[in-house]
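J.: Take a look at query_33.pdb, PDB, C-alpha atoms and all ligand atoms:
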ATOM      1  CA  MET A 853      12.250   6.394  14.487
ATOM      2  CA  ASN A 854      10.400   4.115  16.907
ATOM      3  CA  ASN A 855      12.497   1.037  17.790
ATOM      4  CA  ASN A 856       9.436  -1.207  18.169
ATOM      5  CA  ILE A 857       8.583  -1.002  14.478
ATOM      6  CA  VAL A 858       8.871  -4.302  12.612
ATOM      7  CA  TYR A 859       8.197  -5.277   8.989
ATOM      8  CA  LYS A 860       6.572  -8.604   8.154
ATOM      9  CA  TYR A 861       5.756 -10.609   5.049
ATOM     10  CA  GLU A 862       2.411 -12.167   5.898
ATOM     11  CA  ASN A 863      -0.915 -12.445   4.121
ATOM     12  CA  GLU A 864      -3.202 -13.349   6.999
ATOM     13  CA  ILE A 865      -3.777 -10.183   8.966
ATOM     14  CA  ASP A 866      -6.312  -9.565  11.726
ATOM     15  CA  LYS A 867      -9.503  -8.025  10.330
ATOM     16  CA  ASN A 868      -9.788  -5.338  13.012
ATOM     17  CA  GLN A 869      -6.223  -4.223  12.430
ATOM     18  CA  LEU A 870      -6.856  -3.927   8.699
ATOM     19  CA  VAL A 871     -10.066  -1.961   9.244
ATOM     20  CA  SER A 872      -8.313   0.398  11.670
ATOM     21  CA  LEU A 873      -5.477   1.015   9.181
ATOM     22  CA  PHE A 874      -7.749   1.592   6.201
ATOM     23  CA  ASN A 875     -10.099   3.788   8.243
ATOM     24  CA  SER A 876      -7.160   5.920   9.363
ATOM     25  CA  VAL A 877      -6.652   7.176   5.798
ATOM     26  CA  GLY A 878     -10.407   7.343   5.069
ATOM     27  CA  TRP A 879     -10.535   4.546   2.538
ATOM     28  CA  LYS A 880     -13.946   3.084   1.669
ATOM     29  CA  THR A 881     -12.465  -0.418   1.622
ATOM     30  CA  ALA A 882     -12.680  -0.356   5.443
ATOM     31  CA  GLU A 883     -16.467  -0.666   5.060
ATOM     32  CA  TYR A 884     -15.939  -4.147   3.558
ATOM     33  CA  PRO A 885     -13.864  -5.998   6.200
ATOM     34  CA  ASN A 886     -14.433  -9.489   4.818
ATOM     35  CA  ARG A 887     -13.530  -8.518   1.283
ATOM     36  CA  LEU A 888     -10.531  -6.602   2.574
ATOM     37  CA  CYS A 889      -9.240  -9.588   4.570
ATOM     38  CA  SER A 890      -9.720 -11.849   1.583
ATOM     39  CA  ALA A 891      -8.031  -9.412  -0.795
ATOM     40  CA  ILE A 892      -4.940  -9.213   1.408
ATOM     41  CA  LYS A 893      -4.893 -12.975   1.953
ATOM     42  CA  HIS A 894      -4.951 -13.625  -1.801
ATOM     43  CA  SER A 895      -2.416 -10.976  -2.796
ATOM     44  CA  ASP A 896       0.853 -12.126  -4.353
ATOM     45  CA  TYR A 897       2.888  -9.782  -2.217
ATOM     46  CA  VAL A 898       2.147  -8.204   1.153
ATOM     47  CA  MET A 899       4.476  -6.369   3.482
ATOM     48  CA  SER A 900       3.012  -5.045   6.720
ATOM     49  CA  VAL A 901       4.423  -2.703   9.342
ATOM     50  CA  TRP A 902       3.757  -3.105  13.042
ATOM     51  CA  ASN A 903       4.333  -0.976  16.108
ATOM     52  CA  ASN A 904       4.041  -3.670  18.777
ATOM     53  CA  ASN A 905       0.561  -5.119  18.089
ATOM     54  CA  GLU A 906      -0.690  -2.203  16.000
ATOM     55  CA  LEU A 907      -0.752  -2.471  12.222
ATOM     56  CA  ILE A 908       0.545   0.917  11.059
ATOM     57  CA  GLY A 909       1.307   0.395   7.370
ATOM     58  CA  LEU A 910       0.981  -2.002   4.477
ATOM     59  CA  ILE A 911       1.801  -2.528   0.835
ATOM     60  CA  SER A 912       0.160  -5.213  -1.292
ATOM     61  CA  ALA A 913       0.352  -6.218  -4.929
ATOM     62  CA  ILE A 914      -0.964  -8.714  -7.459
ATOM     63  CA  SER A 915       1.243 -10.063 -10.191
ATOM     64  CA  ASP A 916       1.292 -12.362 -13.226
ATOM     65  CA  GLY A 917       4.802 -13.345 -12.171
ATOM     66  CA  ALA A 918       6.541 -12.160 -15.320
ATOM     67  CA  ILE A 919       5.455  -8.870 -16.860
ATOM     68  CA  ASN A 920       2.817  -7.054 -14.843
ATOM     69  CA  VAL A 921       2.599  -6.204 -11.189
ATOM     70  CA  PHE A 922      -0.059  -3.923  -9.765
ATOM     71  CA  ILE A 923       0.139  -2.234  -6.387
ATOM     72  CA  THR A 924      -3.281  -2.703  -4.839
ATOM     73  CA  TYR A 925      -2.636  -0.853  -1.568
ATOM     74  CA  LEU A 926       0.047   1.304  -0.028
ATOM     75  CA  LEU A 927      -0.838   3.171   3.120
ATOM     76  CA  VAL A 928       0.652   4.347   6.393
ATOM     77  CA  LYS A 929      -1.356   5.570   9.401
ATOM     78  CA  PRO A 930      -1.245   9.392   9.475
ATOM     79  CA  LYS A 931       0.514   9.458  12.857
ATOM     80  CA  TYR A 932       3.396   7.482  11.323
ATOM     81  CA  GLN A 933       3.615   9.230   7.949
ATOM     82  CA  LYS A 934       6.643  11.285   6.865
ATOM     83  CA  GLN A 935       8.971   9.049   8.857
ATOM     84  CA  GLY A 936      10.297   6.967   5.971
ATOM     85  CA  ILE A 937       7.915   3.993   6.273
ATOM     86  CA  GLY A 938       6.279   4.438   2.850
ATOM     87  CA  LYS A 939       9.751   4.641   1.334
ATOM     88  CA  ILE A 940      10.833   1.354   2.949
ATOM     89  CA  LEU A 941       7.659  -0.372   1.697
ATOM     90  CA  LEU A 942       7.873   0.919  -1.867
ATOM     91  CA  THR A 943      11.613   0.289  -2.068
ATOM     92  CA  ASP A 944      11.061  -3.320  -1.023
ATOM     93  CA  PHE A 945       8.319  -3.676  -3.634
ATOM     94  CA  CYS A 946      10.540  -2.231  -6.399
ATOM     95  CA  LYS A 947      13.369  -4.575  -5.432
ATOM     96  CA  LYS A 948      11.101  -7.597  -5.293
ATOM     97  CA  PHE A 949       9.636  -6.874  -8.753
ATOM     98  CA  GLU A 950      12.796  -5.546 -10.389
ATOM     99  CA  GLY A 951      12.853  -6.256 -14.129
ATOM    100  CA  PHE A 952       9.103  -6.564 -14.539
ATOM    101  CA  GLY A 953       7.863  -4.841 -17.698
ATOM    102  CA  ARG A 954       5.135  -2.908 -15.973
ATOM    103  CA  ARG A 955       4.928  -1.885 -12.346
ATOM    104  CA  ILE A 956       1.572  -0.188 -12.032
ATOM    105  CA  VAL A 957      -0.231   1.865  -9.409
ATOM    106  CA  SER A 958      -3.536   3.677  -9.431
ATOM    107  CA  THR A 959      -3.376   6.660  -7.099
ATOM    108  CA  GLU A 960      -4.502  10.224  -6.494
ATOM    109  CA  ILE A 961      -2.848  13.136  -8.241
ATOM    110  CA  ASP A 962      -1.382  14.528  -4.993
ATOM    111  CA  LYS A 963       0.699  11.339  -4.686
ATOM    112  CA  GLU A 964       2.370  11.842  -8.081
ATOM    113  CA  GLU A 965       5.493  13.409  -6.599
ATOM    114  CA  PHE A 966       5.838  10.602  -4.040
ATOM    115  CA  TYR A 967       5.668   7.913  -6.738
ATOM    116  CA  ASN A 968       7.936   9.902  -9.091
ATOM    117  CA  LYS A 969      10.715   9.430  -6.534
ATOM    118  CA  PHE A 970      10.543   5.684  -7.199
ATOM    119  CA  GLY A 971      10.460   5.877 -11.004
ATOM    120  CA  PHE A 972       6.681   5.837 -11.548
ATOM    121  CA  VAL A 973       5.423   8.244 -14.217
ATOM    122  CA  ILE A 974       1.931   9.017 -15.472
ATOM    123  CA  ASN A 975       1.150   6.962 -18.575
ATOM    124  CA  GLY A 976      -2.360   6.932 -20.016
ATOM    125  CA  ILE A 977      -5.471   6.734 -17.886
ATOM    126  CA  VAL A 978      -6.959   4.155 -15.557
ATOM    127  CA  MET A 979     -10.594   3.116 -16.031
ATOM    128  CA  PHE A 980     -12.673   1.434 -13.337
ATOM    129  CA  ASN A 981     -15.837  -0.611 -13.485
ATOM    130  CA  LYS A 982     -16.818  -0.484  -9.815
ATOM    131  CA  ASP A 983     -19.160  -2.781  -7.872
ATOM    132  CA  TRP A 984     -19.226  -2.300  -4.107
ATOM    133  CA  LYS A 985     -22.696  -3.725  -3.420
ATOM    134  CA  ASN A 986     -21.968  -6.224  -0.652
ATOM    135  CA  ASP A 987     -19.339  -7.400   1.756
ATOM    136  CA  PHE A 988     -18.862 -11.179   1.429
TER
HETATM  137  C1  LIG B   1       1.689   8.054   0.378
HETATM  138  C2  LIG B   1       2.161   7.464   1.708
HETATM  139  C3  LIG B   1       2.119   5.944   1.650
HETATM  140  C4  LIG B   1       3.609   7.916   1.966
HETATM  141  O1  LIG B   1       4.082   7.272   3.138
HETATM  142  P1  LIG B   1       5.103   7.974   4.124
HETATM  143  O2  LIG B   1       5.527   6.964   5.124
HETATM  144  O3  LIG B   1       4.512   9.222   4.662
HETATM  145  O4  LIG B   1       6.271   8.340   3.131
HETATM  146  P2  LIG B   1       7.813   8.551   3.512
HETATM  147  O5  LIG B   1       7.927   9.263   4.820
HETATM  148  O6  LIG B   1       8.526   7.266   3.400
HETATM  149  O7  LIG B   1       8.281   9.514   2.346
HETATM  150  C5  LIG B   1       9.196   9.110   1.329
HETATM  151  C6  LIG B   1       9.517  10.310   0.495
HETATM  152  O8  LIG B   1       8.348  10.774  -0.190
HETATM  153  C7  LIG B   1       8.019  12.104   0.204
HETATM  154  N1  LIG B   1       6.566  12.170   0.320
HETATM  155  C8  LIG B   1       5.774  11.504   1.193
HETATM  156  N2  LIG B   1       4.483  11.792   0.951
HETATM  157  C9  LIG B   1       4.471  12.653  -0.086
HETATM  158  C10 LIG B   1       3.437  13.310  -0.816
HETATM  159  N3  LIG B   1       2.147  13.156  -0.512
HETATM  160  N4  LIG B   1       3.802  14.127  -1.841
HETATM  161  C11 LIG B   1       5.096  14.293  -2.162
HETATM  162  N5  LIG B   1       6.122  13.689  -1.522
HETATM  163  C12 LIG B   1       5.808  12.897  -0.500
HETATM  164  C13 LIG B   1       8.727  12.323   1.537
HETATM  165  O9  LIG B   1       8.979  13.689   1.756
HETATM  166  C14 LIG B   1       9.992  11.515   1.325
HETATM  167  O10 LIG B   1      10.904  12.231   0.512
HETATM  168  P3  LIG B   1      12.501  12.077   0.688
HETATM  169  O11 LIG B   1      12.817  10.586   0.592
HETATM  170  O12 LIG B   1      13.064  12.864  -0.421
HETATM  171  O13 LIG B   1      12.795  12.619   2.049
HETATM  172  C15 LIG B   1       1.317   8.008   2.895
HETATM  173  O14 LIG B   1       1.270   9.406   2.812
HETATM  174  C16 LIG B   1      -0.121   7.466   2.918
HETATM  175  O15 LIG B   1      -0.375   6.390   3.435
HETATM  176  N6  LIG B   1      -1.077   8.242   2.401
HETATM  177  C17 LIG B   1      -2.505   7.854   2.445
HETATM  178  C18 LIG B   1      -2.784   6.661   1.571
HETATM  179  C19 LIG B   1      -2.372   6.893   0.121
HETATM  180  O16 LIG B   1      -2.786   7.868  -0.493
HETATM  181  N7  LIG B   1      -1.555   5.965  -0.431
HETATM  182  C20 LIG B   1      -1.051   6.056  -1.786
HETATM  183  C21 LIG B   1      -2.038   5.630  -2.787
HETATM  184  S1  LIG B   1      -1.869   3.925  -3.283
END
Output the file's structure in the form of structure tokens.
Ligand SMILES: CC(C)(COP(=O)(O)OP(=O)(O)OC[C@H]1O[C@@H](n2cnc3c(N)ncnc32)[C@H](O)[C@@H]1OP(=O)(O)O)[C@@H](O)C(=O)NCCC(=O)NCCS
T.:
Amino acid sequence: MNNNIVYKYENEIDKNQLVSLFNSVGWKTAEYPNRLCSAIKHSDYVMSVWNNNELIGLISAISDGAINVFITYLLVKPKYQKQGIGKILLTDFCKKFEGFGRRIVSTEIDKEEFYNKFGFVINGIVMFNKDWKNDF
């Protein structure tokens, strides 16, 4: 494990760093930098991972503070995956929101096994009403 890696709780993250992170895993959100910055800024929970000045991972969530908490993003740059970073992020999230009635994530089917390790199980379906017309 790289000794320069640090974890931070902060909501205001440089736009270029966010775009680079989201692009690294091929997520469309990277095409909407202003929305992305705003979404992270207004999240109830954000933990970011840095290797010196490079943003290499992030988890974010929105919560009603009592029953429901929804993971909006969890991602690690490919070069840094499979080194335990995702586990540290999701473990911190689970600890922070321990006791909540519903801890929810929408993800792809190939991530089922990863989330199973942290107690998430498939329950019902998720439906989206998408609108990606403009960046702010
Ligand atoms: C999913 C993701 C966050 C995992 O991060 P990571 O840093 O590679 O995960 P870790 O190295 O901490 O792995 C933790 C454990 O999960 C396992 N794991 C990691 N990715 C896995 C996968 N895709 N399928 C099954 N198990 C997986 C690891 O082997 C490890 O198991 P262990 O604790 O028994 O040794 C990362 O692969 C990623 O960013 N993917 C692209 C974005 C994405 O799809 N995010 C999730 C949707 S919200």
J.: For ligand LIG 1 (chain B), list the contacting residues at 10 Å or closer, counting only C-alpha atoms and all ligand atoms, as a ChimeraX atom specification.
T.: /A:873-874,876-879,908-912,923-943,957-970
J.: What is the distance between CA of Gly951 (chain A) and CA of Trp902 (chain A), in Å to one decimal?
T.: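 According to the coordinates, CA of Gly951 (chain A) and CA of Trp902 (chain A) are separated by 28.8 Å.
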J.: What residues have an atom no more than 12 Å from (2.9, -9.0, 20.6) in the file's own frame, counting only C-alpha atoms, and can you write them as a VMD selection string?
T.: chain A and resid 856 to 858 902 to 907
J.: Need the neighbours of (-20.9, -5.4, 2.7): which residues are at most 7 Å away, counting all atoms listed in the file, as number ranges by chain?
T.: A: 883-884, 985-988
J.: Using all atoms listed in the file, which protein or nucleic acid residues come within 7 Å of Val898 (chain A)? Drop anything in the same chain fewer than 3 positions from it, and give the result as a list in words.
T.: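 What passes the distance filter is Tyr861, Glu862, Asn863, Ser895, Ile911, Ser912 and Ala913 of chain A.
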